[in-house]
Each structure stands twice: as C-alpha cells, then as structure tokens.
Amino acid sequence: MEFDLTKPYCFYFNELSKIPRGSRNEKAVSDYVVSFAKEQGLPYIQDAVYNVIIDKPGTPGYEDAPCVIMQAHLDMVCEKNNDSDHDFTKDPLDLYVDEEGWLHARGTTLGADDGMGVAYMMAILASKDIPHPPVSCVFTTMEEIGLLGASAITKDMVHGKRMINLDGGGETATTVSSAGGASAYMHCPLKFEENTKPAYVLKIRGLLGGHSGAEIHKERGNANKIAARILKEAQLYGLDITLVSFSGGLKYNAIPREADVCFVSSAAKEELEKSLAASAEKIKAELEFSDAGFKAVLETAEASQAIAKEISDRFLNFVFLMPDGFRHKSMAIEGLTAASLNCGVIRTDENEIVIEDLVRSALASHTDIMLEQLQVLSSLLGIELKVSDRYAGWAYSETSQMRDYLEEAVAEHGGILMKKASHGGLECGIFKGLEPEMDIITFGPIAQNSHTPQERLDLASFDRSYDILCDVLKKCR
Ligand SMILES: [Zn+2]
C-alpha cells in the first residue's frame with residue numbers, strides 16, 4: 001500500500017502535514033485553508049480564532065437538498081519520542097508507510113486526528129464529479145485543548161441541521177451521544193490561628209485515578225473525598241481535628257489519585273491511628289475489586305498555625321457532603337454514564353481553599369441539578385461557588401436520518417454500523433447546543449494511538465471510508 005498523492009484526500013493530508021499546527025498555532029493552517037477556498041472560488045469566512053467555514057452549493061440534482069455541515073478540527077496534539085529533535089513550531093511532519101499499509105510520522109504524532117477529516121472536506125470541496133447536497137465545511141481550532149474554537153462559533157455561522165463530524169474513527173462506528181458540562185469552582189476564604197497542638201499529615205496513596213469522563217463509572221476511589229471521610233469519621237468518633245491545609249488532585253478533568261491533608265489535633269496519636277485504621281479498613285474493602293492499591297498513611301508534621309476551627313469544620317463538612325462521582329447512567333445505551341462530577345482538585349492558597357469540580361452530563365437538566373446541589377450546600381456552609389465554561393451535551397436520540405444513511409452506506413460496503421457513546425465532551429455537543437434539531441453523525445477511517453508518537457492511519461481504510469462518506473452524501477437529498 002502506498003500513500004498515493006493522486007488521490008485528493010491523500011494529497012491534502014500530505015499538504016497539511018507540511019504545516020505545523022499544534023493547538024493555538026493554527027494561523028498558518030487556517031490561512032492555507034482560506035487560500036484553498038479562494039483558489040476554488042468558494043465563499044468562506046475566517047473568524048477571530050481562525051475557525052474557517054467554506055460553503056459549496058449542491059451538485060446538479062441536489063441544488064435544493066438540505067445543507068450538510070461537515071466538520072473537523074485543524075489542530076493536532078504535538079507529541080514526540082524522547083530521541084526526536086522535531087520542532088513542532090516549524091518542521092513538517094516526516095510521513096512514511098509501514099509494511100502493513102499504515103501511515104505514520106517519524107518520531108511524532110501523525111495528526112490523523114484530525115487531518116483525515118480536514119483532508120476529506122477539502123477533497124469534497126475540490127471535487128467536480130461527486131454528487132452531494134449543499135455543504136458547509138467547518139474547520140475548527142483548539143479542539144485538543146478544550147473545544148475552544150468550536151465554542152467561539154455563533155448560531156449565524158451554522159448553516160444546516162444535518163451534520164457529519166469527521167473526528168471519529170473506526171470506519172464502521174459512529175458516536176450517538178456526548179457529555180456537556182461546566183466547571184464549578186468553590187472558594188473557602190481562610191483565617192488562621194496560632195497553634196500549639198501536635199500536627200499530622202494524612203496521605204492518600206495508591207489509587208488508580210483516571211479520566212473523569214471515561215473512568216468515572218468504575219468505582220475508583222477519589223483521594224479528596226476519601227481524605228475528608230477519614231477525618232470526618234475521626235471527628236464523629238470524638239477526636240479533635242482542625243485543618244491546616246488540604247491539597248489533592250492535579251487535573252480538573254481527572255479523578256484525584258493522591259491527597260495530602262495537614263491537620264492538628266489534641267487527641268492521643270494512638271487514638272488517631274486507631275480511627276484512621278478503622279476507616280481505611282472499611283474503604284479498602286469497598287474498593288477491593290476496583291481500586292485495591294488504596295492506602296492511607298499518617299505522618300507527624302509541624303504547624304505553627306491552623307485554620308480557624310469554625311472555618312475548618314465548615315470546609316471539612318462541605319467536602320464530606322459534596323456530591324461526587326457517578327450520578328446517573330443511560331437506560332438507552334448500555335454502559336454509558338449520563339451524569340457525573342469529580343471533585344478533581346483541592347488546593348490551599350494563601351487566603352483560601354479552592355475546589356475545582358468538572359460537572360458532566362448529556363442532558364442539561366442533570367448539569368443543572370448537580371450545580372444546584374453544589375450551590376445549596378455552598379450557601380449553607382459559607383462557601384462561594386462560581387460556575388464557568390458551560391458547554392452543551394448531545395443527548396442520545398432514538399431516530400436519526402443521518403445515522404440511517406450511514407448505516408445503509410456502511411452495510412453496502414459489507415459492514416455493520418456500531419454505535420458508540422461518550423461521557424466526554426465533543427465538538428458535536430456545541431453544535432447541538434447552537435441548533436437543537438441538529439442531526440449528527442461522526443465518521444472517520446481506522447486510526448490508532450492518537451495523541452502519541454505511535455499514531456497511525458490505516459491507508460486502506462482511508463480509501464474505503466472516503467467512499468462511504470461520498471455514499472452518505474449521495475443519500476442526503
Ligand atoms: Zn480529534
């Protein structure tokens with residue numbers, strides 16, 4: 001299998017590979033797409049964050065068919081092997097084909113995520129002989145760092161109610177649902193008091209963590225919630241506990257694996273150890289089949305100051321009570337989480353403790369209620385809640401004309417369409433938010449190991465998937 005540059009999608013993929021296009025560095029590739037539109041004589045817009053939209057009328061017989069939005073992202077993840085001296089700000093990717101017909105880039109990510117989608121759209125836009133309805137091709141930016149380009153798209157830029165997102169691989173698979181979400185930040189202002197009591201650090205270790213979309217339903221331990229539970233149980237057991245600092249978790253979109261909580265106590269050390277061991281034993285049993293590496297360690301520490309007792313108690317109560325983890329599952333799609341939140345990060349700054357929570361759900365109402373619960377609990381306990389970066393979800397719909405077309409086209413090529421659902425965020429959700437009637441499919445060829453230097457694209461599938469895509473467009477009358 002060779003990488004045949006006479007095929008238009010291979011040609012454009014190769015051209016794209018010459019242009020560095022890491023997230024936030026998309027101006028050059030965006031300008032390249034604009035110059036392509038000019039060459040083709042097609043109307044385009046390029047917005048302030050370098051998203052580009054190119055429209056093309058339907059071919060003869062399709063002039064009055066409903067417009068189909070095609071969409072792919074221009075940016076790519078820049079990862080390379082340790083021994084590679086590739087400079088992602090100026091070097092072209094070094095493409096090669098292996099013996100089994102996979103396309104790679106030497107030492108780096110390939111950018112098939114999402115160069116394949118961009119190349120397909122350019123091939124369709126440049127085509128003279130492929131029957132298709134009016135198309136509006138949306139090239140977005142900064143997808144890989146939080147769907148930022150798509151988030152800047154406004155309703156007037158959306159030119160249809162049918163959509164093919166070309167950022168999903170598998171050739172015979174399509175996504176049918178994705179999560180929306182919001183970031184909740186909870187601030188607890190601090191006052192400190194002088195301390196003379198013995199100080200300790202409770203360390204939570206050995207947990208698996210994981211992505212807060214993909215892994216939240218796996219009953220893994222949340223280090224922040226576990227630390228709060230152990231200390232609250234010590235208080236309920238009658239022991240004096242006052243916090244000095246609380247820190248756990250590194251990423252707002254992950255399940256926290258470790259936490260360190262410094263506290264002071266007038267209780268005898270043996271009593272503290274006894275209470276901690278009793279809590280840890282229960283938790284260990286609960287996590288036996290999901291997160292068996294869990295351990296809790298108590299170490300002595302030094303602290304000349306502690307958080308004022310009343311504030312410390314309110315904060316500990318808040319973390320102990322705050323809703324967390326898996327909340328709802330889909331009854332339409334087996335194994336799909338419908339709503340969750342993660343208590344991802346807790347950090348102690350000079351004057352406050354901040355909790356970062358990523359709330360996810362396909363239905364807006366589930367995001368609403370989780371935020372409302374955090375709001376009510378915050379106001380009861382004197383914590384300040386700020387919500388930002390809310391984005392829409394894409395809830396599963398039982399009927400979809402576009403999915404039917406894709407199912408037919410895949411079947412005509414001998415395949416069976418698989419339906420996937422994601423509890424992560426996708427650009428599709430943002431378009432669904434802008435146009436609630438949007439009928440969406442995701443599609444793309446077989447590619448593997450995205451976001452790593454082992455990323456590779458199956459060239460035979462690149463050919464077949466293009467044929468399937470053309471067949472789907474042909475059905476869109
Ligand atoms: Zn992608």
# chains A, B, ... in the order shown; residues from 1 in each chain; ligands from 1
$ residues_around --residues "Pro131 in chain A" --least-positions-apart "4" --cutoff "9 Å" --atoms "only C-alpha atoms" --output "list in words"
Gly58, Thr59, Pro60, Gly61, Tyr62, Cys470, Asp471, Leu473 and Lys474 of chain A
$ residues_near_ligand --ligand "ligand 1" --cutoff "7 Å" --atoms "only C-alpha atoms and all ligand atoms" --output "PyMOL selection string"
chain A and resi 73+113-114+143-144+167
$ write_last_selection --atoms "C-alpha atoms" --output "mmCIF file, in the first residue's frame"
data_model
loop_
_atom_site.group_PDB
_atom_site.id
_atom_site.type_symbol
_atom_site.label_atom_id
_atom_site.label_comp_id
_atom_site.auth_asym_id
_atom_site.auth_seq_id
_atom_site.Cartn_x
_atom_site.Cartn_y
_atom_site.Cartn_z
ATOM 1 C CA HIS A 73 -10.538 20.341 13.639
ATOM 2 C CA ASP A 113 -6.603 13.263 14.453
ATOM 3 C CA ASP A 114 -7.911 15.300 12.771
ATOM 4 C CA GLU A 143 -10.181 21.313 19.792
ATOM 5 C CA GLU A 144 -7.489 19.416 21.664
ATOM 6 C CA ASP A 167 -13.286 13.425 14.107
#
$ closest_atom_pairs --of "range 148-242 of chain A" --to "range 282-294 of chain A" --cutoff "8 Å" --atoms "only C-alpha atoms" --output "Markdown table"
| residue | atom | partner | partner_atom | distance |
| --- | --- | --- | --- | --- |
| A:Ile204 | CA | A:Phe294 | CA | 7.4 |
| A:Arg205 | CA | A:Phe294 | CA | 6.0 |
| A:Gly206 | CA | A:Phe294 | CA | 4.6 |
| A:Leu207 | CA | A:Phe294 | CA | 5.1 |
| A:Leu208 | CA | A:Asp291 | CA | 6.3 |
| A:Lys218 | CA | A:Ser290 | CA | 6.8 |
| A:Glu219 | CA | A:Ser290 | CA | 5.9 |
| A:Arg220 | CA | A:Asp291 | CA | 5.4 |
| A:Gly221 | CA | A:Asp291 | CA | 6.5 |
$ residues_around --residues "Gln375 in chain A" --least-positions-apart "2" --cutoff "12 Å" --atoms "only C-alpha atoms" --output "list of chain:residue names"
A:Ala184, A:Tyr185, A:Met186, A:His187, A:Phe318, A:Met322, A:Pro323, A:Asp368, A:Ile369, A:Met370, A:Leu371, A:Glu372, A:Gln373, A:Leu377, A:Ser378, A:Ser379, A:Leu380, A:Leu381, A:Gly382, A:Ile383, A:Glu384, A:Leu385, A:Lys386, A:Val387
$ closest_residue --among "A:Asp85, A:Glu171, A:Asp357, A:Glu334" --to "Gly414 in chain A" --atoms "only C-alpha atoms"
A:Glu171
$ closest_residue --among "A:Val264, A:Ala173, A:Ala254, A:Leu341" --to "Gly415 in chain A" --atoms "only C-alpha atoms"
A:Ala173
